[in-house]
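Participant: My structure is in target-v2.pdb, and what it holds is PDB, C-alpha atoms:
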```
ATOM      1  CA  MET A   1       0.000   0.000   0.000
ATOM      2  CA  THR A   2       1.354   3.414  -0.941
ATOM      3  CA  ARG A   3       1.763   5.814   1.934
ATOM      4  CA  ARG A   4       1.642   9.581   1.366
ATOM      5  CA  ILE A   5       3.302  11.814   3.890
ATOM      6  CA  SER A   6       3.135  15.603   3.898
ATOM      7  CA  ILE A   7       4.451  17.950   6.569
ATOM      8  CA  ARG A   8       2.790  21.347   6.644
ATOM      9  CA  ALA A   9       4.711  24.457   7.565
ATOM     10  CA  ALA A  10       3.497  26.321  10.630
ATOM     11  CA  ARG A  11       1.009  28.948   9.572
ATOM     12  CA  VAL A  12       2.219  32.506   9.598
ATOM     13  CA  LEU A  13       0.558  34.495  12.402
ATOM     14  CA  PRO A  14      -2.346  36.329  10.711
ATOM     15  CA  ALA A  15      -1.206  39.759  11.649
ATOM     16  CA  VAL A  16       0.544  42.776  10.212
ATOM     17  CA  VAL A  17       2.793  45.328  11.803
ATOM     18  CA  ALA A  18       1.533  48.922  11.671
ATOM     19  CA  ALA A  19       3.234  51.794  13.456
ATOM     20  CA  GLY A  20       5.078  49.303  15.644
ATOM     21  CA  VAL A  21       1.881  47.580  16.779
ATOM     22  CA  LEU A  22       0.933  43.986  15.971
ATOM     23  CA  VAL A  23      -2.464  44.250  14.317
ATOM     24  CA  PRO A  24      -4.655  41.216  13.500
ATOM     25  CA  VAL A  25      -5.512  40.778   9.822
ATOM     26  CA  ALA A  26      -9.104  41.613   9.051
ATOM     27  CA  ALA A  27     -11.523  38.752   8.417
ATOM     28  CA  GLY A  28     -11.665  37.679   4.791
ATOM     29  CA  VAL A  29      -8.045  38.506   3.997
ATOM     30  CA  ALA A  30      -6.195  35.462   2.687
ATOM     31  CA  PRO A  31      -3.205  34.318   4.790
ATOM     32  CA  ALA A  32       0.294  34.487   3.356
ATOM     33  CA  ALA A  33       1.195  31.554   1.108
ATOM     34  CA  THR A  34       3.128  28.802   2.854
ATOM     35  CA  THR A  35       6.457  27.530   1.581
ATOM     36  CA  PRO A  36       6.124  24.344  -0.521
ATOM     37  CA  GLN A  37       6.959  21.235   1.464
ATOM     38  CA  VAL A  38       8.665  17.980   0.515
ATOM     39  CA  THR A  39       6.106  15.274  -0.234
ATOM     40  CA  CYS A  40       7.096  11.597  -0.337
ATOM     41  CA  THR A  41       5.327   8.306  -1.032
ATOM     42  CA  SER A  42       6.670   4.749  -0.738
ATOM     43  CA  ASP A  43       5.582   1.117  -0.709
ATOM     44  CA  LYS A  44       8.145   0.485   2.028
ATOM     45  CA  ALA A  45       6.785   1.145   5.494
ATOM     46  CA  GLY A  46       8.320   4.178   7.167
ATOM     47  CA  LEU A  47      10.555   5.178   4.259
ATOM     48  CA  ALA A  48       8.437   8.077   3.007
ATOM     49  CA  ALA A  49       8.272   9.655   6.451
ATOM     50  CA  LYS A  50      12.003   9.164   6.970
ATOM     51  CA  LEU A  51      12.935  10.711   3.629
ATOM     52  CA  GLN A  52      10.644  13.667   4.062
ATOM     53  CA  LYS A  53      11.945  14.371   7.538
ATOM     54  CA  ASP A  54      15.602  14.141   6.507
ATOM     55  CA  ILE A  55      15.301  16.101   3.250
ATOM     56  CA  THR A  56      13.375  18.814   5.081
ATOM     57  CA  ALA A  57      16.067  18.919   7.774
ATOM     58  CA  ALA A  58      18.808  19.150   5.130
ATOM     59  CA  LEU A  59      17.120  22.236   3.694
ATOM     60  CA  ALA A  60      16.041  23.820   6.978
ATOM     61  CA  THR A  61      18.846  26.368   7.201
ATOM     62  CA  ARG A  62      19.569  26.762   3.492
ATOM     63  CA  LYS A  63      18.832  29.997   1.646
ATOM     64  CA  GLY A  64      17.767  30.205  -1.971
ATOM     65  CA  THR A  65      15.110  28.230  -3.837
ATOM     66  CA  VAL A  66      15.494  24.460  -4.136
ATOM     67  CA  ALA A  67      13.575  21.866  -6.164
ATOM     68  CA  VAL A  68      13.987  18.146  -5.469
ATOM     69  CA  GLY A  69      12.925  14.978  -7.247
ATOM     70  CA  LEU A  70      13.553  11.353  -6.230
ATOM     71  CA  HIS A  71      12.309   8.079  -7.659
ATOM     72  CA  ASP A  72      13.358   4.621  -6.518
ATOM     73  CA  ARG A  73      11.909   1.826  -8.643
ATOM     74  CA  THR A  74      12.789  -0.880  -6.144
ATOM     75  CA  THR A  75      10.546   0.442  -3.359
ATOM     76  CA  ASN A  76       8.234   2.545  -5.551
ATOM     77  CA  THR A  77       9.387   5.599  -3.646
ATOM     78  CA  THR A  78       9.039   9.179  -4.825
ATOM     79  CA  CYS A  79       9.811  12.536  -3.263
ATOM     80  CA  SER A  80       8.998  15.921  -4.730
ATOM     81  CA  LEU A  81       9.541  19.593  -3.945
ATOM     82  CA  ARG A  82       8.739  22.408  -6.423
ATOM     83  CA  ALA A  83       8.566  19.801  -9.186
ATOM     84  CA  THR A  84       7.313  22.173 -11.880
ATOM     85  CA  SER A  85       9.279  25.325 -10.985
ATOM     86  CA  SER A  86      11.491  26.499 -13.855
ATOM     87  CA  TYR A  87      15.254  27.093 -13.675
ATOM     88  CA  ASP A  88      17.898  28.138 -16.200
ATOM     89  CA  SER A  89      19.471  24.822 -17.140
ATOM     90  CA  ALA A  90      23.174  25.673 -17.375
ATOM     91  CA  SER A  91      25.096  22.494 -18.309
ATOM     92  CA  VAL A  92      22.454  20.041 -17.070
ATOM     93  CA  VAL A  93      20.761  20.402 -20.468
ATOM     94  CA  LYS A  94      23.681  18.557 -22.049
ATOM     95  CA  VAL A  95      22.046  15.223 -21.203
ATOM     96  CA  THR A  96      18.970  16.359 -23.146
ATOM     97  CA  VAL A  97      21.188  17.345 -26.080
ATOM     98  CA  LEU A  98      22.769  13.887 -26.140
ATOM     99  CA  ALA A  99      19.395  12.168 -25.801
ATOM    100  CA  THR A 100      18.072  14.260 -28.698
ATOM    101  CA  LEU A 101      21.066  13.321 -30.858
ATOM    102  CA  LEU A 102      20.545   9.611 -30.190
ATOM    103  CA  TRP A 103      16.752   9.829 -30.610
ATOM    104  CA  ASP A 104      17.236  11.560 -33.967
ATOM    105  CA  ALA A 105      19.799   8.977 -35.123
ATOM    106  CA  LYS A 106      17.430   6.170 -34.140
ATOM    107  CA  LYS A 107      14.768   7.521 -36.504
ATOM    108  CA  THR A 108      17.040   6.847 -39.488
ATOM    109  CA  ASN A 109      18.558   3.712 -37.949
ATOM    110  CA  ARG A 110      22.095   5.068 -38.034
ATOM    111  CA  TYR A 111      25.079   5.061 -35.690
ATOM    112  CA  LEU A 112      26.712   8.242 -34.476
ATOM    113  CA  THR A 113      29.586   9.450 -36.620
ATOM    114  CA  THR A 114      33.071   9.591 -35.139
ATOM    115  CA  ARG A 115      32.728  13.374 -34.950
ATOM    116  CA  GLU A 116      29.415  13.142 -33.108
ATOM    117  CA  ALA A 117      30.749  10.532 -30.690
ATOM    118  CA  ASN A 118      33.796  12.669 -29.900
ATOM    119  CA  LEU A 119      31.623  15.740 -29.334
ATOM    120  CA  ALA A 120      29.191  13.784 -27.145
ATOM    121  CA  THR A 121      32.009  12.387 -25.015
ATOM    122  CA  ALA A 122      33.542  15.827 -24.464
ATOM    123  CA  MET A 123      30.123  17.349 -23.773
ATOM    124  CA  ILE A 124      29.189  14.920 -21.002
ATOM    125  CA  THR A 125      32.451  13.774 -19.422
ATOM    126  CA  LYS A 126      34.168  17.181 -19.452
ATOM    127  CA  SER A 127      31.108  19.433 -19.875
ATOM    128  CA  ASP A 128      32.712  20.948 -22.971
ATOM    129  CA  ASN A 129      30.701  23.982 -24.112
ATOM    130  CA  ALA A 130      32.069  24.178 -27.646
ATOM    131  CA  ALA A 131      31.093  20.551 -28.247
ATOM    132  CA  THR A 132      27.611  21.261 -26.948
ATOM    133  CA  THR A 133      27.222  24.300 -29.188
ATOM    134  CA  SER A 134      28.252  22.245 -32.229
ATOM    135  CA  LEU A 135      25.662  19.567 -31.496
ATOM    136  CA  TRP A 136      22.984  22.138 -30.602
ATOM    137  CA  LYS A 137      23.505  23.894 -33.946
ATOM    138  CA  GLN A 138      23.491  20.588 -35.804
ATOM    139  CA  LEU A 139      20.209  19.509 -34.226
ATOM    140  CA  GLY A 140      18.431  22.839 -34.130
ATOM    141  CA  THR A 141      15.646  23.644 -31.705
ATOM    142  CA  THR A 142      13.069  21.912 -33.920
ATOM    143  CA  LYS A 143      14.641  18.511 -33.257
ATOM    144  CA  VAL A 144      15.191  19.324 -29.586
ATOM    145  CA  LYS A 145      11.504  20.178 -29.290
ATOM    146  CA  GLY A 146      10.677  16.957 -31.131
ATOM    147  CA  PHE A 147      12.567  14.916 -28.566
ATOM    148  CA  LEU A 148      11.013  16.811 -25.668
ATOM    149  CA  LYS A 149       7.553  16.049 -27.041
ATOM    150  CA  ALA A 150       8.376  12.372 -27.521
ATOM    151  CA  ALA A 151       9.820  12.222 -23.994
ATOM    152  CA  GLY A 152       6.804  13.912 -22.429
ATOM    153  CA  MET A 153       9.001  16.722 -21.127
ATOM    154  CA  THR A 154       6.220  19.205 -21.738
ATOM    155  CA  ARG A 155       7.441  21.973 -19.425
ATOM    156  CA  THR A 156      11.003  22.187 -20.785
ATOM    157  CA  VAL A 157      11.629  25.114 -23.133
ATOM    158  CA  PRO A 158      14.808  25.196 -25.284
ATOM    159  CA  GLY A 159      16.920  28.323 -24.950
ATOM    160  CA  SER A 160      16.560  30.740 -27.867
ATOM    161  CA  GLY A 161      19.234  32.460 -29.911
ATOM    162  CA  GLY A 162      21.646  29.575 -29.492
ATOM    163  CA  TYR A 163      21.769  30.025 -25.706
ATOM    164  CA  TRP A 164      21.218  26.384 -24.797
ATOM    165  CA  GLY A 165      22.305  27.106 -21.212
ATOM    166  CA  LEU A 166      19.145  29.183 -20.748
ATOM    167  CA  THR A 167      16.855  26.274 -21.550
ATOM    168  CA  GLN A 168      14.081  26.284 -18.950
ATOM    169  CA  ILE A 169      14.089  23.016 -17.017
ATOM    170  CA  ASN A 170      12.247  21.634 -14.007
ATOM    171  CA  VAL A 171      12.519  18.633 -11.688
ATOM    172  CA  GLN A 172       9.472  16.896 -13.114
ATOM    173  CA  ASP A 173      10.916  16.783 -16.635
ATOM    174  CA  GLU A 174      14.463  15.993 -15.499
ATOM    175  CA  GLN A 175      13.087  12.985 -13.642
ATOM    176  CA  LYS A 176      11.234  11.936 -16.813
ATOM    177  CA  LEU A 177      14.510  12.169 -18.725
ATOM    178  CA  LEU A 178      16.375  10.090 -16.160
ATOM    179  CA  SER A 179      13.550   7.544 -16.217
ATOM    180  CA  LEU A 180      13.942   7.170 -19.982
ATOM    181  CA  VAL A 181      17.695   6.786 -19.630
ATOM    182  CA  THR A 182      17.436   4.111 -16.931
ATOM    183  CA  ALA A 183      14.531   1.908 -18.103
ATOM    184  CA  LYS A 184      13.430   0.311 -21.360
ATOM    185  CA  ASN A 185      11.139   2.541 -23.433
ATOM    186  CA  SER A 186      10.120   3.355 -27.001
ATOM    187  CA  VAL A 187      11.840   6.767 -27.135
ATOM    188  CA  LEU A 188      15.474   5.731 -26.626
ATOM    189  CA  SER A 189      16.951   2.419 -27.736
ATOM    190  CA  ASP A 190      18.671   0.164 -25.234
ATOM    191  CA  ASN A 191      22.014   0.970 -26.859
ATOM    192  CA  SER A 192      21.315   4.709 -26.592
ATOM    193  CA  ARG A 193      20.411   4.421 -22.921
ATOM    194  CA  ALA A 194      23.553   2.429 -22.203
ATOM    195  CA  TYR A 195      25.660   4.994 -24.065
ATOM    196  CA  ILE A 196      24.244   7.920 -22.080
ATOM    197  CA  LEU A 197      24.799   6.107 -18.783
ATOM    198  CA  LYS A 198      28.328   5.144 -19.799
ATOM    199  CA  LEU A 199      29.271   8.773 -20.417
ATOM    200  CA  MET A 200      27.515  10.012 -17.262
ATOM    201  CA  GLY A 201      29.500   7.380 -15.386
ATOM    202  CA  LYS A 202      32.784   8.741 -16.743
ATOM    203  CA  VAL A 203      32.423  12.389 -15.744
ATOM    204  CA  VAL A 204      35.786  13.749 -14.611
ATOM    205  CA  SER A 205      36.343  13.717 -10.845
ATOM    206  CA  SER A 206      36.279  17.518 -10.481
ATOM    207  CA  GLN A 207      32.709  17.467 -11.822
ATOM    208  CA  ARG A 208      31.440  14.427  -9.883
ATOM    209  CA  TRP A 209      29.879  16.514  -7.129
ATOM    210  CA  GLY A 210      26.265  17.084  -6.197
ATOM    211  CA  THR A 211      23.828  14.169  -6.214
ATOM    212  CA  PRO A 212      26.566  11.480  -5.870
ATOM    213  CA  ALA A 213      27.524  12.804  -2.409
ATOM    214  CA  GLY A 214      27.003  10.063   0.151
ATOM    215  CA  ALA A 215      26.389   7.268  -2.343
ATOM    216  CA  PRO A 216      27.849   3.973  -1.059
ATOM    217  CA  SER A 217      30.551   2.193  -3.056
ATOM    218  CA  SER A 218      28.060  -0.575  -3.904
ATOM    219  CA  VAL A 219      26.079   1.901  -6.032
ATOM    220  CA  ALA A 220      27.028   2.797  -9.618
ATOM    221  CA  VAL A 221      26.998   6.586 -10.069
ATOM    222  CA  HIS A 222      25.948   8.513 -13.193
ATOM    223  CA  VAL A 223      25.835  12.294 -12.950
ATOM    224  CA  LYS A 224      25.617  15.603 -14.813
ATOM    225  CA  ASN A 225      25.875  18.992 -13.152
ATOM    226  CA  GLY A 226      25.716  22.641 -14.075
ATOM    227  CA  TRP A 227      26.102  26.124 -12.675
ATOM    228  CA  LEU A 228      25.541  29.649 -13.859
ATOM    229  CA  GLU A 229      25.627  33.103 -12.266
ATOM    230  CA  ARG A 230      23.326  35.912 -13.418
ATOM    231  CA  SER A 231      22.182  39.260 -12.080
ATOM    232  CA  THR A 232      18.821  37.822 -11.046
ATOM    233  CA  HIS A 233      18.513  34.744  -8.799
ATOM    234  CA  GLY A 234      22.281  34.745  -8.170
ATOM    235  CA  TRP A 235      23.940  31.395  -8.774
ATOM    236  CA  ARG A 236      22.017  28.552 -10.371
ATOM    237  CA  VAL A 237      23.549  25.245  -9.263
ATOM    238  CA  HIS A 238      22.047  21.933 -10.386
ATOM    239  CA  SER A 239      22.765  18.206 -10.275
ATOM    240  CA  ILE A 240      20.973  15.196 -11.733
ATOM    241  CA  GLY A 241      22.023  11.599 -11.148
ATOM    242  CA  ALA A 242      21.089   7.966 -11.701
ATOM    243  CA  PHE A 243      22.134   5.320  -9.169
ATOM    244  CA  LEU A 244      21.981   1.534  -9.348
ATOM    245  CA  GLY A 245      23.045  -0.942  -6.661
ATOM    246  CA  GLY A 246      22.708  -1.640  -2.965
ATOM    247  CA  GLY A 247      19.290  -3.124  -3.650
ATOM    248  CA  HIS A 248      18.005   0.070  -5.247
ATOM    249  CA  ASP A 249      17.494   1.670  -8.670
ATOM    250  CA  TYR A 250      16.941   5.386  -8.203
ATOM    251  CA  THR A 251      17.262   8.830  -9.749
ATOM    252  CA  ILE A 252      17.752  12.206  -8.068
ATOM    253  CA  SER A 253      17.325  15.728  -9.441
ATOM    254  CA  VAL A 254      18.149  18.823  -7.398
ATOM    255  CA  LEU A 255      17.832  22.269  -8.980
ATOM    256  CA  THR A 256      18.664  25.489  -7.125
ATOM    257  CA  HIS A 257      18.943  29.217  -7.600
ATOM    258  CA  GLY A 258      19.287  32.241  -5.352
ATOM    259  CA  ASN A 259      22.642  30.947  -4.061
ATOM    260  CA  SER A 260      25.174  33.521  -2.863
ATOM    261  CA  THR A 261      28.063  31.510  -4.327
ATOM    262  CA  MET A 262      28.561  28.409  -6.408
ATOM    263  CA  SER A 263      29.923  26.507  -3.416
ATOM    264  CA  TYR A 264      26.862  27.403  -1.348
ATOM    265  CA  GLY A 265      24.614  25.791  -3.956
ATOM    266  CA  VAL A 266      26.829  22.710  -4.149
ATOM    267  CA  ASP A 267      26.663  22.305  -0.371
ATOM    268  CA  THR A 268      22.868  22.538  -0.433
ATOM    269  CA  ILE A 269      22.571  19.861  -3.104
ATOM    270  CA  GLN A 270      25.011  17.561  -1.350
ATOM    271  CA  ALA A 271      23.172  17.860   1.957
ATOM    272  CA  VAL A 272      20.006  16.644   0.235
ATOM    273  CA  ALA A 273      21.868  13.879  -1.589
ATOM    274  CA  ARG A 274      23.517  12.545   1.566
ATOM    275  CA  ALA A 275      20.136  12.346   3.296
ATOM    276  CA  ILE A 276      18.612  10.417   0.391
ATOM    277  CA  HIS A 277      21.473   7.950  -0.027
ATOM    278  CA  LYS A 278      21.593   7.272   3.703
ATOM    279  CA  ASP A 279      17.847   6.643   3.943
ATOM    280  CA  LEU A 280      17.819   4.328   0.926
ATOM    281  CA  THR A 281      20.983   2.436   1.933
ATOM    282  CA  PRO A 282      21.106   2.769   5.739
ATOM    283  CA  THR A 283      23.363  -0.227   6.341
ATOM    284  CA  ALA A 284      26.205   0.926   4.096
ATOM    285  CA  PRO A 285      29.348   1.748   6.126
ATOM    286  CA  ALA A 286      30.096   5.439   6.453
ATOM    287  CA  ALA A 287      33.617   4.855   5.150
ATOM    288  CA  SER A 288      32.217   3.479   1.892
ATOM    289  CA  ARG A 289      30.186   6.573   1.046
ATOM    290  CA  TYR A 290      31.370   8.863  -1.727
ATOM    291  CA  THR A 291      32.906  12.197  -0.762
ATOM    292  CA  PRO A 292      33.087  14.600  -3.726
ATOM    293  CA  THR A 293      36.013  16.929  -4.320
ATOM    294  CA  SER A 294      36.299  19.933  -2.015
ATOM    295  CA  THR A 295      36.957  22.107  -5.086
ATOM    296  CA  PRO A 296      34.047  21.305  -7.442
ATOM    297  CA  LYS A 297      34.360  22.537 -10.985
ATOM    298  CA  GLU A 298      32.056  23.066 -13.947
ATOM    299  CA  THR A 299      32.067  25.211 -17.047
ATOM    300  CA  PHE A 300      30.348  28.547 -17.485
ATOM    301  CA  VAL A 301      27.832  28.559 -20.303
ATOM    302  CA  ALA A 302      27.349  31.480 -22.667
ATOM    303  CA  VAL A 303      24.454  33.794 -21.776
ATOM    304  CA  PRO A 304      23.376  37.240 -22.994
ATOM    305  CA  GLN A 305      25.029  40.193 -21.305
ATOM    306  CA  LYS A 306      21.637  41.572 -20.277
TER     307      LYS A 306
END
```
What would the structure in this file look like if it were written as structure tokens?

Facilitator:
Amino acid sequence: MTRRISIRAARVLPAVVAAGVLVPVAAGVAPAATTPQVTCTSDKAGLAAKLQKDITAALATRKGTVAVGLHDRTTNTTCSLRATSSYDSASVVKVTVLATLLWDAKKTNRYLTTREANLATAMITKSDNAATTSLWKQLGTTKVKGFLKAAGMTRTVPGSGGYWGLTQINVQDEQKLLSLVTAKNSVLSDNSRAYILKLMGKVVSSQRWGTPAGAPSSVAVHVKNGWLERSTHGWRVHSIGAFLGGGHDYTISVLTHGNSTMSYGVDTIQAVARAIHKDLTPTAPAASRYTPTSTPKETFVAVPQK
């Protein structure tokens, strides 16, 4: 039986401050909107409540705006926070670019060319921007939109003017993408899925931060991250990952903006990730859990000056 758990934030006192005096809000005035809360469901007794409690605790003192998605096939567990809120993608969109390339090649039953394979490898494992731009131009937004439609990623909007790093993404669609990559489906071939996972599993160590934090050594890690600083919403810092092993098959997406620094966003994501990995694999020894680099790196994507 699926169990749904939802913790409500304490209601804001229905009052306003006027001339230094606490004044009750008049009847009929709507109370201030509450902050969205983590919602989890699971077929495993107690797991939903545990995850919600620990993810909420991980975010309790963090500033900025955070969206979280989790799905574990093994226990039919899901967690969600701000699932449909939009964020500038930064380099996370590179997985979508690769999926689009492979989806398009599948339609004509062809293999990737050597050039395409080299660009794809650089794009995912090293987050190479020039490689991404080459593939983005080759595909064009029409094909990207075609893949998004086929994938059911209905809320994702490709960046215009060649600015792929400004593609609007959300947790709901990123989780759909990871689901396609990690399970048999009619959109991506088995070979395509294996290829994407292989490259996400070979990301250079300086970029293997974020959602892998706290994953036990028994779990295979596949990750893609991104960051971007702009005048509004400060630093965007994101991480998506697929994890298999330790009796589980799960995907995690954490998107953030409003971070004061890149490192602040990384720390927020990793706090969430550690809570999730620990709750899903509680018996794994602490010494076996992955500790990302203390100097995480990524590549800045091109964005308009204004």

Participant: Take the PyMOL selection byres ((chain A and resi 244-259) around 7), apply it to the structure above, and return the hits as a count of residues only.

Facilitator: 38

Participant: Have a look at atom CA of A:Ala183 and atom CA of A:Thr100 and let me know their distance in Å, one decimal.

Facilitator: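 Here the two named atoms are 16.7 Å from each other.
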
Participant: Measuring atom to atom with all atoms listed in the file, identify which of A:Gly162, A:Gly152, A:Gly146, A:Pro216 is nearest to A:Ser134.

Facilitator: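 Comparing A:Gly162, A:Gly152, A:Gly146, A:Pro216 against A:Ser134, the winner is A:Gly162.
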
Participant: Could you tell me which residues the PyMOL selection byres ((chain A and resi 82-84) around 6) returns for this structure, as a ChimeraX atom specification?

Facilitator: /A:67,80-81,85,170-172

Participant: Determine the nearest neighbour of A:Asp279 from the options A:Leu177, A:Gly214, A:Trp103, A:Asn185, counting only C-alpha atoms.

Facilitator: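 Checking each candidate against A:Asp279, we get A:Gly214 as the closest.
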
Participant: Given the PyMOL selection byres ((chain A and resi 291) around 9) and the file above, list the residues it selects as a ChimeraX atom specification.

Facilitator: /A:209,212-215,289-290,292-294

Participant: For C-alpha atoms, I'd like the residues from the last selection saved as an mmCIF file, in the frame of the given file.

Facilitator:
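The result, written out as out36.cif:
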```cif
data_model
loop_
_atom_site.group_PDB
_atom_site.id
_atom_site.type_symbol
_atom_site.label_atom_id
_atom_site.label_comp_id
_atom_site.auth_asym_id
_atom_site.auth_seq_id
_atom_site.Cartn_x
_atom_site.Cartn_y
_atom_site.Cartn_z
ATOM 1 C CA TRP A 209 29.879 16.514 -7.129
ATOM 2 C CA PRO A 212 26.566 11.480 -5.870
ATOM 3 C CA ALA A 213 27.524 12.804 -2.409
ATOM 4 C CA GLY A 214 27.003 10.063 0.151
ATOM 5 C CA ALA A 215 26.389 7.268 -2.343
ATOM 6 C CA ARG A 289 30.186 6.573 1.046
ATOM 7 C CA TYR A 290 31.370 8.863 -1.727
ATOM 8 C CA PRO A 292 33.087 14.600 -3.726
ATOM 9 C CA THR A 293 36.013 16.929 -4.320
ATOM 10 C CA SER A 294 36.299 19.933 -2.015
#
```

Participant: My structure is short of atoms at stretch 274-291 of chain A; please model N, CA, C and O atoms there, returning them as a compact mmCIF listing (two decimals), in the frame of the given file.

Facilitator:
```
# COMPACT_ATOMS: atom_id res chain seq x y z
N ARG A 274 23.06 13.41 0.47
CA ARG A 274 23.52 12.54 1.57
C ARG A 274 22.33 11.99 2.35
O ARG A 274 22.34 10.81 2.76
N ALA A 275 21.32 12.81 2.56
CA ALA A 275 20.14 12.35 3.30
C ALA A 275 19.43 11.24 2.52
O ALA A 275 19.03 10.22 3.09
N ILE A 276 19.30 11.41 1.21
CA ILE A 276 18.61 10.42 0.39
C ILE A 276 19.38 9.10 0.34
O ILE A 276 18.82 8.02 0.57
N HIS A 277 20.67 9.17 0.05
CA HIS A 277 21.47 7.95 -0.03
C HIS A 277 21.48 7.20 1.30
O HIS A 277 21.38 5.96 1.33
N LYS A 278 21.56 7.93 2.39
CA LYS A 278 21.59 7.27 3.70
C LYS A 278 20.27 6.59 4.01
O LYS A 278 20.24 5.47 4.55
N ASP A 279 19.16 7.23 3.66
CA ASP A 279 17.85 6.64 3.94
C ASP A 279 17.56 5.43 3.07
O ASP A 279 16.91 4.48 3.51
N LEU A 280 18.05 5.46 1.84
CA LEU A 280 17.82 4.33 0.93
C LEU A 280 18.78 3.17 1.20
O LEU A 280 18.42 2.00 1.00
N THR A 281 19.99 3.48 1.66
CA THR A 281 20.98 2.44 1.93
C THR A 281 21.54 2.62 3.35
O THR A 281 22.73 2.91 3.52
N PRO A 282 20.70 2.45 4.36
CA PRO A 282 21.11 2.77 5.74
C PRO A 282 22.19 1.88 6.31
O PRO A 282 22.87 2.28 7.27
N THR A 283 22.37 0.69 5.76
CA THR A 283 23.36 -0.23 6.34
C THR A 283 24.75 -0.08 5.74
O THR A 283 25.69 -0.73 6.20
N ALA A 284 24.89 0.75 4.72
CA ALA A 284 26.20 0.93 4.10
C ALA A 284 27.15 1.61 5.08
O ALA A 284 26.78 2.60 5.71
N PRO A 285 28.38 1.13 5.21
CA PRO A 285 29.35 1.75 6.13
C PRO A 285 29.65 3.19 5.74
O PRO A 285 29.72 3.52 4.55
N ALA A 286 29.81 4.03 6.72
CA ALA A 286 30.10 5.44 6.45
C ALA A 286 31.36 5.61 5.62
O ALA A 286 31.44 6.48 4.75
N ALA A 287 32.34 4.75 5.87
CA ALA A 287 33.62 4.86 5.15
C ALA A 287 33.47 4.54 3.66
O ALA A 287 34.34 4.92 2.87
N SER A 288 32.40 3.86 3.29
CA SER A 288 32.22 3.48 1.89
C SER A 288 31.49 4.54 1.08
O SER A 288 31.36 4.42 -0.14
N ARG A 289 31.00 5.58 1.73
CA ARG A 289 30.19 6.57 1.05
C ARG A 289 31.05 7.60 0.32
O ARG A 289 32.07 8.04 0.82
N TYR A 290 30.59 7.99 -0.85
CA TYR A 290 31.37 8.86 -1.73
C TYR A 290 31.45 10.29 -1.19
O TYR A 290 30.44 10.89 -0.84
N THR A 291 32.66 10.81 -1.14
CA THR A 291 32.91 12.20 -0.76
C THR A 291 33.43 12.95 -1.98
O THR A 291 34.55 12.69 -2.43
```
